[in-house]
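Containing TSV, C-alpha atoms: my_file18.tsv.
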```tsv
chain	number	residue	atom	x	y	z
A	5	ALA	CA	19.31	16.83	46.42
A	6	GLN	CA	17.16	14.28	44.65
A	7	LYS	CA	16.50	15.02	41.03
A	8	ILE	CA	13.24	13.06	40.95
A	9	THR	CA	10.91	12.91	43.95
A	10	GLN	CA	7.93	10.61	44.18
A	11	THR	CA	6.25	11.34	47.49
A	12	GLN	CA	3.76	8.46	47.54
A	13	PRO	CA	5.49	5.19	48.45
A	14	GLY	CA	2.17	3.34	48.16
A	15	MET	CA	-1.40	3.97	47.06
A	16	PHE	CA	-4.63	2.00	47.25
A	17	VAL	CA	-7.32	2.92	44.72
A	18	GLN	CA	-10.71	1.44	43.89
A	19	GLU	CA	-11.10	-0.11	40.47
A	20	LYS	CA	-12.49	2.28	37.82
A	21	GLU	CA	-11.40	5.38	39.72
A	22	ALA	CA	-8.87	7.80	38.28
A	23	VAL	CA	-5.39	7.78	39.82
A	24	THR	CA	-2.81	10.55	40.03
A	25	LEU	CA	0.78	9.61	40.78
A	26	ASP	CA	2.95	12.51	41.84
A	27	CYS	CA	6.37	13.38	40.48
A	28	THR	CA	8.45	16.49	41.03
A	29	TYR	CA	11.83	17.08	39.50
A	30	ASP	CA	14.84	19.29	39.94
A	31	THR	CA	16.96	20.53	37.07
A	32	SER	CA	18.64	23.70	35.91
A	33	ASP	CA	18.52	22.58	32.27
A	34	GLN	CA	16.00	24.30	30.03
A	35	SER	CA	15.75	21.24	27.80
A	36	TYR	CA	14.81	17.93	29.37
A	37	GLY	CA	12.39	15.05	29.05
A	38	LEU	CA	10.23	13.24	31.56
A	39	PHE	CA	9.31	9.58	31.32
A	40	TRP	CA	7.02	7.24	33.22
A	41	TYR	CA	7.59	3.50	33.49
A	42	LYS	CA	5.45	0.70	34.90
A	43	GLN	CA	6.97	-2.32	36.64
A	44	PRO	CA	4.46	-5.13	37.30
A	45	SER	CA	5.21	-7.85	39.82
A	46	SER	CA	6.79	-9.89	37.02
A	47	GLY	CA	9.63	-7.38	37.05
A	48	GLU	CA	9.89	-5.98	33.54
A	49	MET	CA	10.10	-2.24	32.93
A	50	ILE	CA	7.40	-0.94	30.56
A	51	PHE	CA	7.60	2.54	29.05
A	52	LEU	CA	4.29	4.42	29.36
A	53	ILE	CA	4.56	8.06	28.35
A	54	TYR	CA	6.96	10.90	27.56
A	55	GLN	CA	6.79	14.68	28.02
A	56	GLY	CA	9.36	17.09	26.66
A	57	SER	CA	10.08	20.36	28.44
A	58	TYR	CA	9.18	22.34	25.33
A	59	ASP	CA	6.02	20.41	24.54
A	60	GLU	CA	3.08	22.78	24.76
A	61	GLN	CA	0.46	20.08	25.15
A	62	ASN	CA	0.27	17.56	27.95
A	63	ALA	CA	1.19	14.10	26.68
A	64	THR	CA	-1.50	11.42	26.40
A	65	GLU	CA	-1.28	7.70	25.57
A	66	GLY	CA	-4.57	5.86	25.84
A	67	ARG	CA	-5.64	5.85	29.51
A	68	TYR	CA	-2.39	7.55	30.55
A	69	SER	CA	-1.89	11.29	30.57
A	70	LEU	CA	0.75	13.51	32.02
A	71	ASN	CA	-0.20	16.60	34.00
A	72	PHE	CA	2.86	18.73	33.25
A	73	GLN	CA	3.27	21.92	35.29
A	74	LYS	CA	6.61	23.35	34.27
A	75	ALA	CA	6.68	26.27	36.70
A	76	ARG	CA	6.05	23.89	39.60
A	77	LYS	CA	8.46	21.31	38.14
A	78	SER	CA	5.89	18.59	38.41
A	79	ALA	CA	4.96	15.83	35.97
A	80	ASN	CA	2.16	13.80	37.50
A	81	LEU	CA	0.90	10.65	35.80
A	82	VAL	CA	-2.87	10.32	35.55
A	83	ILE	CA	-4.43	6.93	34.89
A	84	SER	CA	-8.10	7.13	33.96
A	85	ALA	CA	-10.59	4.37	34.76
A	86	SER	CA	-8.13	2.22	36.67
A	87	GLN	CA	-8.08	-1.54	36.13
A	88	LEU	CA	-6.80	-4.42	38.27
A	89	GLY	CA	-3.95	-4.87	35.81
A	90	ASP	CA	-2.70	-1.37	36.66
A	91	SER	CA	-1.43	-2.67	40.00
A	92	ALA	CA	2.35	-2.23	39.78
A	93	MET	CA	5.29	-0.04	40.71
A	94	TYR	CA	5.42	3.22	38.76
A	95	PHE	CA	8.62	5.15	38.20
A	96	CYS	CA	9.08	8.73	37.07
A	97	ALA	CA	12.39	9.47	35.31
A	98	MET	CA	14.15	12.41	33.67
A	99	ARG	CA	16.75	12.95	30.98
A	100	GLU	CA	18.56	16.27	30.93
A	101	PHE	CA	19.63	17.31	27.45
A	102	GLY	CA	22.18	19.87	28.56
A	103	GLY	CA	25.04	17.40	28.90
A	104	GLY	CA	26.42	15.26	31.66
A	105	ALA	CA	25.74	11.58	32.07
A	106	ASP	CA	23.49	9.94	29.55
A	107	GLY	CA	20.61	7.73	30.63
A	108	LEU	CA	17.62	8.41	32.83
A	109	THR	CA	17.51	9.44	36.48
A	110	PHE	CA	14.74	7.58	38.26
A	111	GLY	CA	12.62	8.34	41.29
A	112	LYS	CA	12.12	5.76	44.01
A	113	GLY	CA	8.73	4.74	42.72
A	114	THR	CA	5.11	4.47	43.84
A	115	HIS	CA	3.53	1.11	44.53
A	116	LEU	CA	-0.04	1.29	43.19
A	117	ILE	CA	-2.59	-1.31	44.23
A	118	ILE	CA	-5.99	-1.34	42.53
A	119	GLN	CA	-8.70	-2.88	44.68
A	120	PRO	CA	-11.86	-4.52	43.23
B	103	ASN	CA	11.17	-9.58	18.53
B	104	ALA	CA	13.74	-10.33	21.23
B	105	GLY	CA	14.54	-6.69	22.15
B	106	VAL	CA	17.04	-6.65	25.03
B	107	THR	CA	18.19	-10.05	26.29
B	108	GLN	CA	19.98	-10.52	29.59
B	109	THR	CA	21.66	-13.64	30.90
B	110	PRO	CA	21.55	-15.19	33.41
B	111	LYS	CA	18.13	-14.55	34.99
B	112	PHE	CA	19.29	-15.57	38.46
B	113	GLN	CA	22.71	-15.98	40.06
B	114	VAL	CA	24.03	-16.71	43.53
B	115	LEU	CA	27.66	-15.86	44.28
B	116	LYS	CA	29.86	-16.17	47.30
B	117	THR	CA	31.71	-13.08	48.51
B	118	GLY	CA	34.87	-12.62	46.44
B	119	GLN	CA	33.70	-14.56	43.41
B	120	SER	CA	33.58	-12.92	40.01
B	121	MET	CA	31.00	-13.04	37.26
B	122	THR	CA	29.91	-11.33	34.07
B	123	LEU	CA	26.36	-10.34	33.26
B	124	GLN	CA	25.63	-10.46	29.57
B	125	CYS	CA	23.34	-8.17	27.60
B	126	ALA	CA	22.49	-8.08	23.91
B	127	GLN	CA	20.02	-6.00	21.90
B	128	ASP	CA	18.76	-6.58	18.39
B	129	MET	CA	17.16	-3.15	17.78
B	130	ASN	CA	20.28	-1.52	16.26
B	131	HIS	CA	20.41	0.90	19.18
B	132	ASN	CA	23.59	2.85	19.71
B	133	SER	CA	23.36	3.54	23.46
B	134	MET	CA	23.35	0.87	26.16
B	135	TYR	CA	23.09	1.05	29.94
B	136	TRP	CA	23.43	-0.96	33.13
B	137	TYR	CA	21.22	-0.14	36.12
B	138	ARG	CA	20.77	-1.72	39.51
B	139	GLN	CA	17.49	-1.76	41.40
B	140	ASP	CA	17.36	-2.02	45.18
B	141	PRO	CA	14.24	-1.91	47.35
B	142	GLY	CA	13.17	1.65	48.05
B	143	MET	CA	15.96	3.09	45.87
B	144	GLY	CA	14.53	3.07	42.37
B	145	LEU	CA	16.97	2.36	39.54
B	146	ARG	CA	20.49	3.72	39.66
B	147	LEU	CA	22.83	3.97	36.69
B	148	ILE	CA	26.04	1.96	37.00
B	149	TYR	CA	27.69	2.45	33.59
B	150	TYR	CA	26.61	3.40	30.13
B	151	SER	CA	27.93	3.27	26.60
B	152	ALA	CA	26.78	6.10	24.35
B	153	SER	CA	28.18	4.39	21.27
B	154	GLU	CA	30.29	1.43	20.27
B	155	GLY	CA	33.79	1.84	21.67
B	156	THR	CA	32.89	4.22	24.49
B	157	THR	CA	31.91	3.65	28.11
B	158	ASP	CA	31.29	6.06	30.97
B	159	LYS	CA	30.57	5.88	34.67
B	160	GLY	CA	27.13	6.49	36.03
B	161	GLU	CA	26.00	7.17	39.58
B	162	VAL	CA	27.23	3.96	41.26
B	163	PRO	CA	30.19	2.50	39.28
B	164	ASN	CA	32.39	1.27	42.15
B	165	GLY	CA	32.98	-2.47	42.10
B	166	TYR	CA	31.95	-2.90	38.47
B	167	ASN	CA	33.55	-2.92	35.04
B	168	VAL	CA	31.90	-2.94	31.63
B	169	SER	CA	32.77	-3.88	28.08
B	170	ARG	CA	30.99	-2.75	24.94
B	171	LEU	CA	31.93	-5.74	22.84
B	172	ASN	CA	30.21	-4.51	19.68
B	173	LYS	CA	27.09	-2.55	18.83
B	174	ARG	CA	24.82	-5.32	20.09
B	175	GLU	CA	26.51	-6.43	23.30
B	176	PHE	CA	27.31	-4.69	26.59
B	177	SER	CA	28.56	-6.76	29.52
B	178	LEU	CA	28.87	-5.95	33.22
B	179	ARG	CA	31.58	-7.60	35.30
B	180	LEU	CA	31.86	-7.96	39.05
B	181	GLU	CA	35.51	-8.76	39.78
B	182	SER	CA	35.09	-9.53	43.49
B	183	ALA	CA	31.47	-9.71	44.52
B	184	ALA	CA	30.33	-8.20	47.83
B	185	PRO	CA	27.02	-8.62	49.69
B	186	SER	CA	26.29	-4.92	48.94
B	187	GLN	CA	26.06	-5.90	45.27
B	188	THR	CA	23.02	-8.07	45.94
B	189	SER	CA	20.48	-6.46	43.65
B	190	VAL	CA	18.43	-6.78	40.48
B	191	TYR	CA	20.45	-5.67	37.47
B	192	PHE	CA	18.82	-4.27	34.35
B	193	CYS	CA	20.37	-3.70	30.98
B	194	ALA	CA	18.74	-1.15	28.68
B	195	SER	CA	19.27	0.37	25.27
B	196	ARG	CA	17.97	3.29	23.22
B	197	LEU	CA	18.35	4.96	19.87
B	198	LYS	CA	20.40	7.94	20.90
B	199	VAL	CA	19.85	10.11	17.84
B	200	VAL	CA	16.29	10.69	18.98
B	201	GLY	CA	16.31	12.83	22.15
B	202	ASN	CA	12.98	11.65	23.44
B	203	SER	CA	13.64	7.98	22.81
B	204	PRO	CA	12.81	5.84	25.84
B	205	LEU	CA	15.03	3.18	27.32
B	206	HIS	CA	14.11	-0.39	26.39
B	207	PHE	CA	14.87	-2.74	29.25
B	208	GLY	CA	15.78	-6.38	29.53
B	209	ASN	CA	13.99	-8.57	32.03
B	210	GLY	CA	16.67	-8.25	34.68
B	211	THR	CA	19.17	-10.46	36.49
B	212	ARG	CA	18.54	-11.17	40.15
B	213	LEU	CA	21.94	-11.48	41.85
B	214	THR	CA	22.47	-12.62	45.43
B	215	VAL	CA	25.91	-12.41	47.04
B	216	THR	CA	26.30	-14.41	50.25
```

Since I need it in another form, could you write the structure as structure tokens?
Amino acid sequence: AQKITQTQPGMFVQEKEAVTLDCTYDTSDQSYGLFWYKQPSSGEMIFLIYQGSYDEQNATEGRYSLNFQKARKSANLVISASQLGDSAMYFCAMREFGGGADGLTFGKGTHLIIQP
Amino acid sequence: NAGVTQTPKFQVLKTGQSMTLQCAQDMNHNSMYWYRQDPGMGLRLIYYSASEGTTDKGEVPNGYNVSRLNKREFSLRLESAAPSQTSVYFCASRLKVVGNSPLHFGNGTRLTVT
């Protein structure tokens, strides 16, 4: 079973609208962290936001926020007031703190295109 | 600030040839990683090194070897390249002592095996 599922392969959104990118995860660990990365067409991986499983508040970083619903095992990324420069691939990833392999497990990504 | 530096940026190999991808970080991070990215597959972990002197297999280690040369450098070697290893390879590092520390990525190496 996939540990990270991103169900939207592609999305088109009008500039200035809010965007929600879906991410669900699967883990039996009680302690874990969820990360979102942006990959523009230039190819680099840019860290956006982090949410820990024990964090009581939803994470926010500027125009990015994370809608964390622990019981549903979802960690959706919300981008407010989208801009043309937000067009990119977006990856959700998880680190399980209970042991096993280090590193992050990534989803397959969502290709977001912001239209003027 | 250089961050994570990967060389080369592009490489074309013939089937059966060998090569080493180089990675160095200047952030004094203790953990380093190699991922591959294929269309529609996201990023998959090949090998990682939690600290200097240790290496461990990730999700897709077959056909690869790694060396953690020192704290700064972590190389990935393809002994006998196959077309299935055509991919974009990313090196990453993080400060392991902090659980929520993100991975910092290099800019990637685009490898084509013909």

For the interface of chain B with chain A (cut-off 10 Å, counting all atoms listed in the file), please tabulate each contacting residue of chain B alongside its nearest pair of atoms and their separation in Å to one decimal, rows sorted by chain and increasing number, as JSON lines.
```
{"residue": "B:Ser133", "atom": "CA", "partner": "A:Gly107", "partner_atom": "CA", "distance": 8.7}
{"residue": "B:Met134", "atom": "CA", "partner": "A:Gly107", "partner_atom": "CA", "distance": 8.6}
{"residue": "B:Tyr135", "atom": "CA", "partner": "A:Gly107", "partner_atom": "CA", "distance": 7.2}
{"residue": "B:Trp136", "atom": "CA", "partner": "A:Gly107", "partner_atom": "CA", "distance": 9.5}
{"residue": "B:Tyr137", "atom": "CA", "partner": "A:Gly107", "partner_atom": "CA", "distance": 9.6}
{"residue": "B:Gln139", "atom": "CA", "partner": "A:Lys112", "partner_atom": "CA", "distance": 9.6}
{"residue": "B:Asp140", "atom": "CA", "partner": "A:Lys112", "partner_atom": "CA", "distance": 9.5}
{"residue": "B:Pro141", "atom": "CA", "partner": "A:Lys112", "partner_atom": "CA", "distance": 8.6}
{"residue": "B:Gly142", "atom": "CA", "partner": "A:Lys112", "partner_atom": "CA", "distance": 5.9}
{"residue": "B:Met143", "atom": "CA", "partner": "A:Lys112", "partner_atom": "CA", "distance": 5.0}
{"residue": "B:Gly144", "atom": "CA", "partner": "A:Lys112", "partner_atom": "CA", "distance": 4.0}
{"residue": "B:Leu145", "atom": "CA", "partner": "A:Phe110", "partner_atom": "CA", "distance": 5.8}
{"residue": "B:Arg146", "atom": "CA", "partner": "A:Phe110", "partner_atom": "CA", "distance": 7.1}
{"residue": "B:Leu147", "atom": "CA", "partner": "A:Gly107", "partner_atom": "CA", "distance": 7.5}
{"residue": "B:Tyr149", "atom": "CA", "partner": "A:Gly107", "partner_atom": "CA", "distance": 9.3}
{"residue": "B:Tyr150", "atom": "CA", "partner": "A:Asp106", "partner_atom": "CA", "distance": 7.3}
{"residue": "B:Ser151", "atom": "CA", "partner": "A:Asp106", "partner_atom": "CA", "distance": 8.5}
{"residue": "B:Ala152", "atom": "CA", "partner": "A:Asp106", "partner_atom": "CA", "distance": 7.3}
{"residue": "B:Asp158", "atom": "CA", "partner": "A:Ala105", "partner_atom": "CA", "distance": 7.9}
{"residue": "B:Lys159", "atom": "CA", "partner": "A:Ala105", "partner_atom": "CA", "distance": 7.9}
{"residue": "B:Gly160", "atom": "CA", "partner": "A:Ala105", "partner_atom": "CA", "distance": 6.6}
{"residue": "B:Glu161", "atom": "CA", "partner": "A:Ala105", "partner_atom": "CA", "distance": 8.7}
{"residue": "B:Val190", "atom": "CA", "partner": "A:Gly47", "partner_atom": "CA", "distance": 9.5}
{"residue": "B:Phe192", "atom": "CA", "partner": "A:Met49", "partner_atom": "CA", "distance": 9.1}
{"residue": "B:Ala194", "atom": "CA", "partner": "A:Gly107", "partner_atom": "CA", "distance": 9.3}
{"residue": "B:Ser195", "atom": "CA", "partner": "A:Gly107", "partner_atom": "CA", "distance": 9.2}
{"residue": "B:Arg196", "atom": "CA", "partner": "A:Gly107", "partner_atom": "CA", "distance": 9.0}
{"residue": "B:Lys198", "atom": "CA", "partner": "A:Asp106", "partner_atom": "CA", "distance": 9.4}
{"residue": "B:Gly201", "atom": "CA", "partner": "A:Phe101", "partner_atom": "CA", "distance": 7.7}
{"residue": "B:Asn202", "atom": "CA", "partner": "A:Gly37", "partner_atom": "CA", "distance": 6.6}
{"residue": "B:Ser203", "atom": "CA", "partner": "A:Tyr54", "partner_atom": "CA", "distance": 8.7}
{"residue": "B:Pro204", "atom": "CA", "partner": "A:Phe51", "partner_atom": "CA", "distance": 7.0}
{"residue": "B:Leu205", "atom": "CA", "partner": "A:Phe51", "partner_atom": "CA", "distance": 7.7}
{"residue": "B:His206", "atom": "CA", "partner": "A:Phe51", "partner_atom": "CA", "distance": 7.6}
{"residue": "B:Phe207", "atom": "CA", "partner": "A:Met49", "partner_atom": "CA", "distance": 6.0}
{"residue": "B:Gly208", "atom": "CA", "partner": "A:Glu48", "partner_atom": "CA", "distance": 7.1}
{"residue": "B:Asn209", "atom": "CA", "partner": "A:Glu48", "partner_atom": "CA", "distance": 5.1}
{"residue": "B:Gly210", "atom": "CA", "partner": "A:Glu48", "partner_atom": "CA", "distance": 7.2}
```

I'd like the box whose edges run along x, y and z of the file and which contains every listed atom of segment 182-195 of chain B, padded by 8 Å per side; could you state its centre and edge lengths in Å, one decimal, as JSON?
```
{"center_x": 26.8, "center_y": -4.7, "center_z": 37.5, "size_x": 32.7, "size_y": 26.1, "size_z": 40.4}
```

| said: Between atom CA of Ile83 of chain A and atom CA of Thr11 of chain A, what is the distance in Å, rounded to a tenth? | reply: 17.1 Å

| Distance in Å - atom CA of His115 of chain A versus atom CA of Ser86 of chain A |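 Rounded to one decimal, the two atoms are 14.1 Å apart.
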
| request: One decimal, Å: what's the distance from atom CA of Leu70 of chain A over to atom CA of Met98 of chain A, could you say? | output: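 Calculated distance between atom CA of Leu70 of chain A and atom CA of Met98 of chain A is 13.5 Å.
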
| query | Closest to Asp33 of chain A among A:Asp59, A:Gln10, A:Lys20, A:Lys77, using all atoms listed in the file? | reply | A:Lys77

| Could you name the residues that touch Gln119 of chain B at 12 Å or less, counting only C-alpha atoms, but leaving out those on the same chain fewer than 2 positions away, as a list in words? | Gln113, Val114, Leu115, Lys116, Thr117, Met121, Thr122, Arg179, Leu180, Glu181, Ser182, Ala183, Ala184, Pro185, Gln187, Thr214, Val215 and Thr216 of chain B
